[in-house]
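This is run.cif (mmCIF, N, CA and C atoms).
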data_data
loop_
_atom_site.label_atom_id
_atom_site.label_comp_id
_atom_site.auth_asym_id
_atom_site.auth_seq_id
_atom_site.Cartn_x
_atom_site.Cartn_y
_atom_site.Cartn_z
N MET A 1 94.78 118.20 163.49
CA MET A 1 94.84 116.81 163.04
C MET A 1 93.55 116.49 162.28
N SER A 2 93.69 115.87 161.16
CA SER A 2 92.55 115.53 160.32
C SER A 2 91.79 114.35 160.90
N SER A 3 90.46 114.40 160.77
CA SER A 3 89.64 113.29 161.25
C SER A 3 89.34 112.30 160.13
N TYR A 4 89.87 112.57 158.94
CA TYR A 4 89.65 111.65 157.82
C TYR A 4 90.55 110.45 157.94
N VAL A 5 90.03 109.30 157.56
CA VAL A 5 90.81 108.07 157.56
C VAL A 5 90.99 107.66 156.10
N MET A 6 92.23 107.45 155.71
CA MET A 6 92.50 107.01 154.34
C MET A 6 92.38 105.49 154.29
N ALA A 7 91.46 105.00 153.50
CA ALA A 7 91.30 103.56 153.34
C ALA A 7 92.18 103.13 152.17
N GLU A 8 92.99 102.13 152.41
CA GLU A 8 93.85 101.64 151.34
C GLU A 8 93.00 100.84 150.35
N ILE A 9 93.21 101.10 149.08
CA ILE A 9 92.50 100.36 148.04
C ILE A 9 93.08 98.96 147.99
N GLU A 10 92.19 97.96 148.01
CA GLU A 10 92.63 96.57 148.00
C GLU A 10 92.45 95.98 146.60
N TYR A 11 93.57 95.66 145.97
CA TYR A 11 93.53 95.04 144.65
C TYR A 11 93.77 93.55 144.77
N SER A 12 93.19 92.82 143.85
CA SER A 12 93.33 91.39 143.80
C SER A 12 93.32 91.01 142.31
N SER A 13 93.32 89.74 142.01
CA SER A 13 93.21 89.33 140.61
C SER A 13 92.40 88.05 140.53
N ILE A 14 91.91 87.76 139.35
CA ILE A 14 91.15 86.55 139.11
C ILE A 14 92.14 85.38 139.06
N ALA A 15 91.89 84.34 139.87
CA ALA A 15 92.85 83.25 140.05
C ALA A 15 92.64 82.07 139.11
N GLU A 16 91.51 82.07 138.40
CA GLU A 16 91.20 80.95 137.52
C GLU A 16 90.77 81.49 136.17
N ASN A 17 90.78 80.63 135.17
CA ASN A 17 90.30 81.06 133.86
C ASN A 17 88.79 80.92 133.81
N ALA A 18 88.12 81.85 133.13
CA ALA A 18 86.67 81.82 132.92
C ALA A 18 85.88 81.82 134.22
N VAL A 19 86.05 82.86 135.02
CA VAL A 19 85.32 83.01 136.28
C VAL A 19 84.05 83.82 136.02
N ILE A 20 82.93 83.28 136.47
CA ILE A 20 81.65 83.95 136.26
C ILE A 20 81.49 85.08 137.28
N MET A 21 81.10 86.25 136.77
CA MET A 21 80.85 87.43 137.60
C MET A 21 79.33 87.62 137.69
N TYR A 22 78.83 87.85 138.91
CA TYR A 22 77.39 87.90 139.16
C TYR A 22 76.94 89.30 139.57
N ASP A 23 75.60 89.53 139.51
CA ASP A 23 75.06 90.83 139.90
C ASP A 23 74.67 90.86 141.38
N ALA A 24 74.82 89.74 142.09
CA ALA A 24 74.55 89.66 143.53
C ALA A 24 75.39 88.53 144.10
N PRO A 25 75.58 88.50 145.42
CA PRO A 25 76.43 87.46 146.02
C PRO A 25 75.71 86.12 146.18
N SER A 26 75.39 85.50 145.04
CA SER A 26 74.70 84.21 145.05
C SER A 26 74.93 83.51 143.71
N LEU A 27 75.08 82.20 143.75
CA LEU A 27 75.23 81.43 142.51
C LEU A 27 73.94 81.44 141.70
N ARG A 28 72.81 81.82 142.34
CA ARG A 28 71.53 81.90 141.64
C ARG A 28 71.29 83.30 141.05
N ALA A 29 72.20 84.22 141.30
CA ALA A 29 72.05 85.58 140.76
C ALA A 29 72.30 85.59 139.26
N ASP A 30 71.94 86.69 138.62
CA ASP A 30 72.18 86.82 137.18
C ASP A 30 73.67 86.86 136.89
N LYS A 31 74.08 86.17 135.84
CA LYS A 31 75.48 86.17 135.41
C LYS A 31 75.70 87.40 134.54
N LEU A 32 76.73 88.20 134.88
CA LEU A 32 77.02 89.43 134.14
C LEU A 32 78.02 89.20 133.00
N TYR A 33 79.13 88.56 133.31
CA TYR A 33 80.16 88.29 132.31
C TYR A 33 81.14 87.27 132.86
N VAL A 34 82.05 86.83 132.00
CA VAL A 34 83.08 85.88 132.40
C VAL A 34 84.41 86.62 132.42
N ALA A 35 85.12 86.54 133.53
CA ALA A 35 86.42 87.21 133.69
C ALA A 35 87.55 86.24 133.38
N SER A 36 88.61 86.78 132.81
CA SER A 36 89.78 85.97 132.44
C SER A 36 90.79 85.89 133.57
N LEU A 37 91.62 84.88 133.50
CA LEU A 37 92.72 84.68 134.44
C LEU A 37 93.57 85.93 134.53
N TYR A 38 93.94 86.32 135.74
CA TYR A 38 94.82 87.45 136.07
C TYR A 38 94.17 88.83 135.95
N LEU A 39 92.89 88.90 135.55
CA LEU A 39 92.25 90.21 135.45
C LEU A 39 92.34 90.92 136.79
N PRO A 40 92.90 92.14 136.81
CA PRO A 40 92.97 92.87 138.09
C PRO A 40 91.60 93.42 138.48
N VAL A 41 91.29 93.35 139.77
CA VAL A 41 90.04 93.89 140.29
C VAL A 41 90.32 94.60 141.61
N GLU A 42 89.48 95.57 141.91
CA GLU A 42 89.53 96.27 143.19
C GLU A 42 88.42 95.72 144.05
N ILE A 43 88.74 95.26 145.25
CA ILE A 43 87.72 94.74 146.15
C ILE A 43 87.03 95.92 146.83
N VAL A 44 85.71 96.00 146.65
CA VAL A 44 84.91 97.11 147.19
C VAL A 44 84.23 96.69 148.49
N VAL A 45 83.67 95.48 148.50
CA VAL A 45 82.94 94.97 149.67
C VAL A 45 83.27 93.49 149.83
N ASN A 46 83.46 93.07 151.08
CA ASN A 46 83.64 91.66 151.40
C ASN A 46 82.42 91.17 152.17
N VAL A 47 81.82 90.09 151.70
CA VAL A 47 80.70 89.44 152.38
C VAL A 47 81.09 87.97 152.44
N GLU A 48 80.60 87.26 153.42
CA GLU A 48 80.99 85.87 153.60
C GLU A 48 81.02 85.06 152.30
N GLY A 49 82.22 84.67 151.89
CA GLY A 49 82.39 83.85 150.70
C GLY A 49 82.36 84.60 149.38
N TRP A 50 82.05 85.90 149.41
CA TRP A 50 81.90 86.70 148.19
C TRP A 50 82.62 88.03 148.31
N ALA A 51 82.98 88.60 147.17
CA ALA A 51 83.57 89.94 147.12
C ALA A 51 82.89 90.73 146.01
N LYS A 52 82.53 91.97 146.31
CA LYS A 52 82.04 92.87 145.27
C LYS A 52 83.28 93.58 144.74
N VAL A 53 83.49 93.50 143.43
CA VAL A 53 84.72 94.04 142.84
C VAL A 53 84.41 95.02 141.72
N ARG A 54 85.39 95.89 141.47
CA ARG A 54 85.33 96.86 140.36
C ARG A 54 86.47 96.51 139.42
N ASP A 55 86.19 96.53 138.11
CA ASP A 55 87.25 96.29 137.14
C ASP A 55 87.72 97.61 136.53
N SER A 56 88.64 97.53 135.59
CA SER A 56 89.25 98.74 135.03
C SER A 56 88.25 99.63 134.30
N SER A 57 87.12 99.06 133.87
CA SER A 57 86.10 99.86 133.18
C SER A 57 85.17 100.55 134.16
N GLY A 58 85.31 100.21 135.45
CA GLY A 58 84.44 100.78 136.48
C GLY A 58 83.23 99.91 136.77
N SER A 59 83.07 98.80 136.04
CA SER A 59 81.94 97.90 136.25
C SER A 59 82.06 97.20 137.61
N LEU A 60 80.92 97.06 138.28
CA LEU A 60 80.86 96.36 139.55
C LEU A 60 80.22 95.00 139.35
N ALA A 61 80.75 93.99 140.05
CA ALA A 61 80.20 92.64 139.97
C ALA A 61 80.58 91.89 141.24
N TRP A 62 79.87 90.80 141.49
CA TRP A 62 80.18 89.92 142.63
C TRP A 62 80.90 88.68 142.12
N VAL A 63 81.87 88.23 142.90
CA VAL A 63 82.64 87.04 142.54
C VAL A 63 82.88 86.23 143.82
N GLU A 64 82.91 84.91 143.66
CA GLU A 64 83.23 84.07 144.82
C GLU A 64 84.68 84.35 145.24
N LYS A 65 84.91 84.52 146.54
CA LYS A 65 86.26 84.83 147.03
C LYS A 65 87.27 83.76 146.65
N LYS A 66 86.83 82.51 146.54
CA LYS A 66 87.76 81.42 146.21
C LYS A 66 88.33 81.58 144.80
N ALA A 67 87.72 82.43 143.98
CA ALA A 67 88.20 82.67 142.61
C ALA A 67 89.17 83.85 142.53
N LEU A 68 89.50 84.43 143.70
CA LEU A 68 90.42 85.58 143.74
C LEU A 68 91.78 85.17 144.27
N SER A 69 92.80 85.89 143.80
CA SER A 69 94.17 85.69 144.25
C SER A 69 94.71 87.01 144.77
N PRO A 70 95.54 86.98 145.82
CA PRO A 70 96.16 88.22 146.30
C PRO A 70 97.26 88.73 145.35
N GLN A 71 97.67 87.87 144.39
CA GLN A 71 98.68 88.27 143.40
C GLN A 71 98.14 89.44 142.59
N ARG A 72 98.94 90.51 142.48
CA ARG A 72 98.46 91.70 141.79
C ARG A 72 98.92 91.77 140.34
N TYR A 73 98.01 92.30 139.53
CA TYR A 73 98.27 92.53 138.12
C TYR A 73 97.75 93.92 137.77
N VAL A 74 98.23 94.46 136.67
CA VAL A 74 97.71 95.72 136.14
C VAL A 74 97.28 95.48 134.70
N VAL A 75 96.37 96.33 134.22
CA VAL A 75 95.92 96.22 132.83
C VAL A 75 96.20 97.56 132.15
N VAL A 76 96.70 97.50 130.93
CA VAL A 76 97.03 98.70 130.16
C VAL A 76 95.72 99.39 129.75
N THR A 77 95.64 100.70 130.01
CA THR A 77 94.41 101.46 129.73
C THR A 77 94.58 102.50 128.63
N VAL A 78 95.74 102.53 128.00
CA VAL A 78 96.00 103.45 126.89
C VAL A 78 96.28 102.61 125.64
N PRO A 79 96.19 103.20 124.44
CA PRO A 79 96.43 102.41 123.22
C PRO A 79 97.77 101.69 123.20
N LEU A 80 98.83 102.35 123.70
CA LEU A 80 100.16 101.75 123.72
C LEU A 80 100.94 102.30 124.91
N ALA A 81 101.26 101.43 125.87
CA ALA A 81 102.01 101.85 127.05
C ALA A 81 103.50 101.59 126.83
N ASP A 82 104.33 102.55 127.26
CA ASP A 82 105.78 102.43 127.15
C ASP A 82 106.34 101.86 128.45
N ILE A 83 107.09 100.77 128.36
CA ILE A 83 107.71 100.17 129.53
C ILE A 83 109.21 100.43 129.43
N HIS A 84 109.72 101.18 130.42
CA HIS A 84 111.12 101.63 130.43
C HIS A 84 111.99 100.77 131.35
N GLN A 85 113.30 100.86 131.12
CA GLN A 85 114.27 100.10 131.91
C GLN A 85 114.28 100.55 133.37
N SER A 86 114.08 101.84 133.61
CA SER A 86 114.00 102.36 134.98
C SER A 86 112.86 103.37 135.05
N ALA A 87 112.56 103.83 136.24
CA ALA A 87 111.45 104.75 136.47
C ALA A 87 111.83 106.16 136.04
N ASP A 88 112.09 106.32 134.74
CA ASP A 88 112.56 107.58 134.19
C ASP A 88 112.22 107.59 132.70
N MET A 89 111.50 108.63 132.25
CA MET A 89 111.08 108.73 130.85
C MET A 89 112.27 108.70 129.88
N SER A 90 113.44 109.14 130.33
CA SER A 90 114.60 109.17 129.44
C SER A 90 115.38 107.85 129.43
N SER A 91 114.95 106.88 130.26
CA SER A 91 115.65 105.59 130.25
C SER A 91 115.25 104.78 129.02
N THR A 92 115.99 103.73 128.76
CA THR A 92 115.77 102.89 127.59
C THR A 92 114.36 102.30 127.58
N LEU A 93 113.72 102.34 126.40
CA LEU A 93 112.42 101.72 126.22
C LEU A 93 112.63 100.22 126.07
N VAL A 94 112.10 99.43 126.99
CA VAL A 94 112.30 97.97 126.97
C VAL A 94 111.30 97.32 126.02
N PHE A 95 110.02 97.69 126.16
CA PHE A 95 108.99 97.17 125.26
C PHE A 95 107.75 98.03 125.38
N GLN A 96 106.77 97.76 124.53
CA GLN A 96 105.49 98.46 124.58
C GLN A 96 104.39 97.42 124.72
N ALA A 97 103.33 97.79 125.43
CA ALA A 97 102.20 96.88 125.63
C ALA A 97 100.93 97.55 125.16
N GLU A 98 100.13 96.81 124.41
CA GLU A 98 98.88 97.35 123.87
C GLU A 98 97.78 97.39 124.93
N GLU A 99 96.77 98.19 124.65
CA GLU A 99 95.62 98.33 125.53
C GLU A 99 95.03 96.96 125.87
N ASN A 100 94.62 96.80 127.13
CA ASN A 100 94.00 95.59 127.68
C ASN A 100 94.97 94.44 127.95
N ILE A 101 96.27 94.66 127.70
CA ILE A 101 97.27 93.64 128.06
C ILE A 101 97.42 93.67 129.59
N VAL A 102 97.41 92.48 130.19
CA VAL A 102 97.56 92.36 131.64
C VAL A 102 99.01 91.97 131.94
N MET A 103 99.60 92.70 132.91
CA MET A 103 100.98 92.42 133.32
C MET A 103 101.04 92.27 134.83
N GLU A 104 101.97 91.47 135.30
CA GLU A 104 102.14 91.26 136.73
C GLU A 104 102.69 92.53 137.39
N TRP A 105 102.08 92.94 138.49
CA TRP A 105 102.53 94.08 139.28
C TRP A 105 103.65 93.58 140.18
N LEU A 106 104.83 94.22 140.10
CA LEU A 106 105.96 93.80 140.92
C LEU A 106 106.23 94.75 142.08
N ASP A 107 106.10 96.06 141.81
CA ASP A 107 106.45 97.04 142.84
C ASP A 107 105.95 98.41 142.40
N SER A 108 105.78 99.29 143.37
CA SER A 108 105.43 100.68 143.03
C SER A 108 106.19 101.63 143.95
N ASP A 109 107.50 101.37 144.08
CA ASP A 109 108.32 102.17 144.99
C ASP A 109 108.76 103.50 144.40
N ALA A 110 108.63 103.67 143.09
CA ALA A 110 109.02 104.93 142.44
C ALA A 110 107.77 105.77 142.17
N GLN A 111 107.75 106.98 142.67
CA GLN A 111 106.60 107.88 142.53
C GLN A 111 106.15 107.99 141.07
N GLY A 112 104.87 107.62 140.82
CA GLY A 112 104.31 107.75 139.48
C GLY A 112 104.62 106.60 138.54
N TRP A 113 105.32 105.57 139.03
CA TRP A 113 105.71 104.44 138.19
C TRP A 113 105.33 103.12 138.85
N VAL A 114 105.16 102.09 138.05
CA VAL A 114 104.91 100.74 138.54
C VAL A 114 105.88 99.80 137.82
N LYS A 115 106.54 98.95 138.60
CA LYS A 115 107.40 97.93 137.99
C LYS A 115 106.51 96.75 137.64
N VAL A 116 106.61 96.28 136.38
CA VAL A 116 105.75 95.22 135.88
C VAL A 116 106.56 94.12 135.19
N ARG A 117 105.91 92.93 135.07
CA ARG A 117 106.51 91.84 134.30
C ARG A 117 105.47 91.37 133.29
N HIS A 118 105.88 91.35 132.02
CA HIS A 118 105.03 90.86 130.95
C HIS A 118 105.02 89.33 131.01
N SER A 119 103.99 88.70 130.44
CA SER A 119 103.90 87.23 130.46
C SER A 119 105.08 86.55 129.77
N ASP A 120 105.78 87.29 128.88
CA ASP A 120 106.96 86.70 128.22
C ASP A 120 108.22 86.83 129.08
N GLY A 121 108.09 87.44 130.27
CA GLY A 121 109.21 87.52 131.20
C GLY A 121 109.91 88.87 131.24
N GLN A 122 109.67 89.73 130.26
CA GLN A 122 110.32 91.05 130.26
C GLN A 122 109.78 91.89 131.42
N THR A 123 110.69 92.65 132.06
CA THR A 123 110.28 93.54 133.14
C THR A 123 110.69 94.96 132.82
N GLY A 124 110.03 95.89 133.48
CA GLY A 124 110.33 97.30 133.31
C GLY A 124 109.36 98.14 134.09
N TYR A 125 109.43 99.45 133.86
CA TYR A 125 108.60 100.41 134.58
C TYR A 125 107.64 101.11 133.63
N VAL A 126 106.39 101.23 134.07
CA VAL A 126 105.36 101.90 133.29
C VAL A 126 104.77 103.03 134.14
N LYS A 127 104.37 104.12 133.49
CA LYS A 127 103.74 105.23 134.21
C LYS A 127 102.39 104.74 134.76
N VAL A 128 102.07 105.12 136.02
CA VAL A 128 100.81 104.70 136.61
C VAL A 128 99.61 105.20 135.81
N SER A 129 99.79 106.30 135.08
CA SER A 129 98.70 106.84 134.28
C SER A 129 98.36 105.99 133.06
N GLN A 130 99.20 104.98 132.75
CA GLN A 130 98.99 104.13 131.58
C GLN A 130 98.40 102.76 131.92
N VAL A 131 98.22 102.49 133.22
CA VAL A 131 97.70 101.20 133.65
C VAL A 131 96.66 101.39 134.77
N TRP A 132 95.88 100.35 135.01
CA TRP A 132 94.91 100.34 136.12
C TRP A 132 95.19 99.10 136.97
N GLY A 133 95.08 99.30 138.28
CA GLY A 133 95.29 98.19 139.20
C GLY A 133 96.46 98.38 140.12
N SER A 134 97.05 99.56 140.06
CA SER A 134 98.20 99.83 140.93
C SER A 134 97.76 100.68 142.04
#
Would you write out, as structure tokens, the structure that this file holds?
Amino acid sequence: MSSYVMAEIEYSSIAENAVIMYDAPSLRADKLYVASLYLPVEIVVNVEGWAKVRDSSGSLAWVEKKALSPQRYVVVTVPLADIHQSADMSSTLVFQAEENIVMEWLDSDAQGWVKVRHSDGQTGYVKVSQVWGS
């Protein structure tokens, strides 16, 4: 029996528009950048009222927990991601999404695929290798 414990990666998203990201868990800390609504982030550390998060570029920053939502989103990390009707490369291509487009994460029940919804309402499946946040 293995003594290793698998920690589940905890994803969240930015719940408000123009959220300030800091270099330490304090409003007096240096401001690093402003995050957009729905930006997916991975929670690395939780401290009272604050979360240290990683974004799709690998950058680490602190954000007030009240600015986070449990609603999950993914961001396209390739120049053009193909979104299919089902979790199968040979299924109908529903639409394509350009790099840095954020889509709502709906499900990841199919191995290697994520079901997503674009802001215009279209849904489909994208390869996990084409997005970050799943």
Practice task
Find the residues near Leu27 (chain A): any atom within 12 Å, counting only C-alpha atoms, skip ones fewer than 3 places away on the same chain, and give them as an MDAnalysis selection string.
Solution key: chainID A and resid 19:24 30:32 49:50 62:64
Fill in the blank from the handout: note - CA of Met89 (chain A) and atom N of Lys115 (chain A) are separated by 13.3 Å
Handout entry: Matched chain/residue IDs from the PyMOL selection byres ((chain A and resi 67) around 6), as a ChimeraX atom specification
Key = /A:13-16,64-66,68-69
Problem - Separation of atom C of Val102 (chain A) from atom N of Arg117 (chain A) in Å - result: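 Spanning atom N of Arg117 (chain A) to atom C of Val102 (chain A) is a straight-line distance of 7.6 Å.
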Handout entry: Distance query Ser36 (chain A) at most 6 Å, only C-alpha atoms, self and fewer than 3 positions along chain excluded, as a ChimeraX atom specification
Key = /A:17-18,39
What would the file look like if the residues just selected were written as an mmCIF file, in the coordinates of the input with N, CA and C atoms?
data_model
loop_
_atom_site.group_PDB
_atom_site.id
_atom_site.type_symbol
_atom_site.label_atom_id
_atom_site.label_comp_id
_atom_site.auth_asym_id
_atom_site.auth_seq_id
_atom_site.Cartn_x
_atom_site.Cartn_y
_atom_site.Cartn_z
ATOM 1 N N ASN A 17 90.780 80.630 135.170
ATOM 2 C CA ASN A 17 90.300 81.060 133.860
ATOM 3 C C ASN A 17 88.790 80.920 133.810
ATOM 4 N N ALA A 18 88.120 81.850 133.130
ATOM 5 C CA ALA A 18 86.670 81.820 132.920
ATOM 6 C C ALA A 18 85.880 81.820 134.220
ATOM 7 N N LEU A 39 92.890 88.900 135.550
ATOM 8 C CA LEU A 39 92.250 90.210 135.450
ATOM 9 C C LEU A 39 92.340 90.920 136.790
#
Exercise for the section: Provide the CA of Glu10 (chain A) to CA of Leu106 (chain A) distance in Å, to one decimal place. Expected result: 15.3 Å
Exercise for the section: Could you expand the PyMOL selection byres (((chain A and resi 131 and name CA) around 12) and name CA) into the explicit residues it covers here, written as a ChimeraX atom specification? Expected result: /A:40,56-57,73-83,97-105,112-116,125-130,132-134
Practice task
Any chance you could list, as number ranges by chain, the residues in chain A that come up helix (DSSP H, G or I) when DSSP is run on the backbone?
Solution key: A: 65-67, 128-130
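Within region 21-68 of chain A, DSSP applied to the backbone places the following residues in strand (DSSP E or B): Met21, Tyr22, Lys31, Leu32, Tyr33, Val34, Ala35, Pro40, Val41, Glu42, Ile43, Val44, Val45, Asn46, Val47, Trp50, Ala51, Lys52, Val53, Arg54, Leu60, Ala61, Trp62, Val63, Glu64 and Leu68 of chain A.
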Dump as a PDB file, keeping the file's coordinate frame, selection limited to N, CA and C atoms:
ATOM      1  N   MET A  21      81.100  86.250 136.770  1.00  0.00           N
ATOM      2  CA  MET A  21      80.850  87.430 137.600  1.00  0.00           C
ATOM      3  C   MET A  21      79.330  87.620 137.690  1.00  0.00           C
ATOM      4  N   TYR A  22      78.830  87.850 138.910  1.00  0.00           N
ATOM      5  CA  TYR A  22      77.390  87.900 139.160  1.00  0.00           C
ATOM      6  C   TYR A  22      76.940  89.300 139.570  1.00  0.00           C
ATOM      7  N   LYS A  31      74.080  86.170 135.840  1.00  0.00           N
ATOM      8  CA  LYS A  31      75.480  86.170 135.410  1.00  0.00           C
ATOM      9  C   LYS A  31      75.700  87.400 134.540  1.00  0.00           C
ATOM     10  N   LEU A  32      76.730  88.200 134.880  1.00  0.00           N
ATOM     11  CA  LEU A  32      77.020  89.430 134.140  1.00  0.00           C
ATOM     12  C   LEU A  32      78.020  89.200 133.000  1.00  0.00           C
ATOM     13  N   TYR A  33      79.130  88.560 133.310  1.00  0.00           N
ATOM     14  CA  TYR A  33      80.160  88.290 132.310  1.00  0.00           C
ATOM     15  C   TYR A  33      81.140  87.270 132.860  1.00  0.00           C
ATOM     16  N   VAL A  34      82.050  86.830 132.000  1.00  0.00           N
ATOM     17  CA  VAL A  34      83.080  85.880 132.400  1.00  0.00           C
ATOM     18  C   VAL A  34      84.410  86.620 132.420  1.00  0.00           C
ATOM     19  N   ALA A  35      85.120  86.540 133.530  1.00  0.00           N
ATOM     20  CA  ALA A  35      86.420  87.210 133.690  1.00  0.00           C
ATOM     21  C   ALA A  35      87.550  86.240 133.380  1.00  0.00           C
ATOM     22  N   PRO A  40      92.900  92.140 136.810  1.00  0.00           N
ATOM     23  CA  PRO A  40      92.970  92.870 138.090  1.00  0.00           C
ATOM     24  C   PRO A  40      91.600  93.420 138.480  1.00  0.00           C
ATOM     25  N   VAL A  41      91.290  93.350 139.770  1.00  0.00           N
ATOM     26  CA  VAL A  41      90.040  93.890 140.290  1.00  0.00           C
ATOM     27  C   VAL A  41      90.320  94.600 141.610  1.00  0.00           C
ATOM     28  N   GLU A  42      89.480  95.570 141.910  1.00  0.00           N
ATOM     29  CA  GLU A  42      89.530  96.270 143.190  1.00  0.00           C
ATOM     30  C   GLU A  42      88.420  95.720 144.050  1.00  0.00           C
ATOM     31  N   ILE A  43      88.740  95.260 145.250  1.00  0.00           N
ATOM     32  CA  ILE A  43      87.720  94.740 146.150  1.00  0.00           C
ATOM     33  C   ILE A  43      87.030  95.920 146.830  1.00  0.00           C
ATOM     34  N   VAL A  44      85.710  96.000 146.650  1.00  0.00           N
ATOM     35  CA  VAL A  44      84.910  97.110 147.190  1.00  0.00           C
ATOM     36  C   VAL A  44      84.230  96.690 148.490  1.00  0.00           C
ATOM     37  N   VAL A  45      83.670  95.480 148.500  1.00  0.00           N
ATOM     38  CA  VAL A  45      82.940  94.970 149.670  1.00  0.00           C
ATOM     39  C   VAL A  45      83.270  93.490 149.830  1.00  0.00           C
ATOM     40  N   ASN A  46      83.460  93.070 151.080  1.00  0.00           N
ATOM     41  CA  ASN A  46      83.640  91.660 151.400  1.00  0.00           C
ATOM     42  C   ASN A  46      82.420  91.170 152.170  1.00  0.00           C
ATOM     43  N   VAL A  47      81.820  90.090 151.700  1.00  0.00           N
ATOM     44  CA  VAL A  47      80.700  89.440 152.380  1.00  0.00           C
ATOM     45  C   VAL A  47      81.090  87.970 152.440  1.00  0.00           C
ATOM     46  N   TRP A  50      82.050  85.900 149.410  1.00  0.00           N
ATOM     47  CA  TRP A  50      81.900  86.700 148.190  1.00  0.00           C
ATOM     48  C   TRP A  50      82.620  88.030 148.310  1.00  0.00           C
ATOM     49  N   ALA A  51      82.980  88.600 147.170  1.00  0.00           N
ATOM     50  CA  ALA A  51      83.570  89.940 147.120  1.00  0.00           C
ATOM     51  C   ALA A  51      82.890  90.730 146.010  1.00  0.00           C
ATOM     52  N   LYS A  52      82.530  91.970 146.310  1.00  0.00           N
ATOM     53  CA  LYS A  52      82.040  92.870 145.270  1.00  0.00           C
ATOM     54  C   LYS A  52      83.280  93.580 144.740  1.00  0.00           C
ATOM     55  N   VAL A  53      83.490  93.500 143.430  1.00  0.00           N
ATOM     56  CA  VAL A  53      84.720  94.040 142.840  1.00  0.00           C
ATOM     57  C   VAL A  53      84.410  95.020 141.720  1.00  0.00           C
ATOM     58  N   ARG A  54      85.390  95.890 141.470  1.00  0.00           N
ATOM     59  CA  ARG A  54      85.330  96.860 140.360  1.00  0.00           C
ATOM     60  C   ARG A  54      86.470  96.510 139.420  1.00  0.00           C
ATOM     61  N   LEU A  60      80.920  97.060 138.280  1.00  0.00           N
ATOM     62  CA  LEU A  60      80.860  96.360 139.550  1.00  0.00           C
ATOM     63  C   LEU A  60      80.220  95.000 139.350  1.00  0.00           C
ATOM     64  N   ALA A  61      80.750  93.990 140.050  1.00  0.00           N
ATOM     65  CA  ALA A  61      80.200  92.640 139.970  1.00  0.00           C
ATOM     66  C   ALA A  61      80.580  91.890 141.240  1.00  0.00           C
ATOM     67  N   TRP A  62      79.870  90.800 141.490  1.00  0.00           N
ATOM     68  CA  TRP A  62      80.180  89.920 142.630  1.00  0.00           C
ATOM     69  C   TRP A  62      80.900  88.680 142.120  1.00  0.00           C
ATOM     70  N   VAL A  63      81.870  88.230 142.900  1.00  0.00           N
ATOM     71  CA  VAL A  63      82.640  87.040 142.540  1.00  0.00           C
ATOM     72  C   VAL A  63      82.880  86.230 143.820  1.00  0.00           C
ATOM     73  N   GLU A  64      82.910  84.910 143.660  1.00  0.00           N
ATOM     74  CA  GLU A  64      83.230  84.070 144.820  1.00  0.00           C
ATOM     75  C   GLU A  64      84.680  84.350 145.240  1.00  0.00           C
ATOM     76  N   LEU A  68      89.500  84.430 143.700  1.00  0.00           N
ATOM     77  CA  LEU A  68      90.420  85.580 143.740  1.00  0.00           C
ATOM     78  C   LEU A  68      91.780  85.170 144.270  1.00  0.00           C
TER      79      LEU A  68
END
Hey, what comes out of the PyMOL selection byres (((chain A and resi 93 and name CA) around 8) and name CA) on this file? Could you write it as a JSON list (two decimals) with N, CA and C atoms, keeping the file's coordinate frame?
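After the write, selection10.json holds the following:
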[["chain", "number", "residue", "atom", "x", "y", "z"],
["A", 82, "ASP", "N", 104.33, 102.55, 127.26],
["A", 82, "ASP", "CA", 105.78, 102.43, 127.15],
["A", 82, "ASP", "C", 106.34, 101.86, 128.45],
["A", 83, "ILE", "N", 107.09, 100.77, 128.36],
["A", 83, "ILE", "CA", 107.71, 100.17, 129.53],
["A", 83, "ILE", "C", 109.21, 100.43, 129.43],
["A", 84, "HIS", "N", 109.72, 101.18, 130.42],
["A", 84, "HIS", "CA", 111.12, 101.63, 130.43],
["A", 84, "HIS", "C", 111.99, 100.77, 131.35],
["A", 85, "GLN", "N", 113.30, 100.86, 131.12],
["A", 85, "GLN", "CA", 114.27, 100.10, 131.91],
["A", 85, "GLN", "C", 114.28, 100.55, 133.37],
["A", 91, "SER", "N", 114.95, 106.88, 130.26],
["A", 91, "SER", "CA", 115.65, 105.59, 130.25],
["A", 91, "SER", "C", 115.25, 104.78, 129.02],
["A", 92, "THR", "N", 115.99, 103.73, 128.76],
["A", 92, "THR", "CA", 115.77, 102.89, 127.59],
["A", 92, "THR", "C", 114.36, 102.30, 127.58],
["A", 94, "VAL", "N", 112.10, 99.43, 126.99],
["A", 94, "VAL", "CA", 112.30, 97.97, 126.97],
["A", 94, "VAL", "C", 111.30, 97.32, 126.02],
["A", 95, "PHE", "N", 110.02, 97.69, 126.16],
["A", 95, "PHE", "CA", 108.99, 97.17, 125.26],
["A", 95, "PHE", "C", 107.75, 98.03, 125.38],
["A", 96, "GLN", "N", 106.77, 97.76, 124.53],
["A", 96, "GLN", "CA", 105.49, 98.46, 124.58],
["A", 96, "GLN", "C", 104.39, 97.42, 124.72]]
Exercise for the section: Select, from A:Arg72, A:Ser90, A:Gly124, A:Ile9, the residue with the minimum atom-to-atom distance to Val45 (chain A), counting only C-alpha atoms. Expected result: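 The answer is A:Ile9, which sits nearest to Val45 (chain A).
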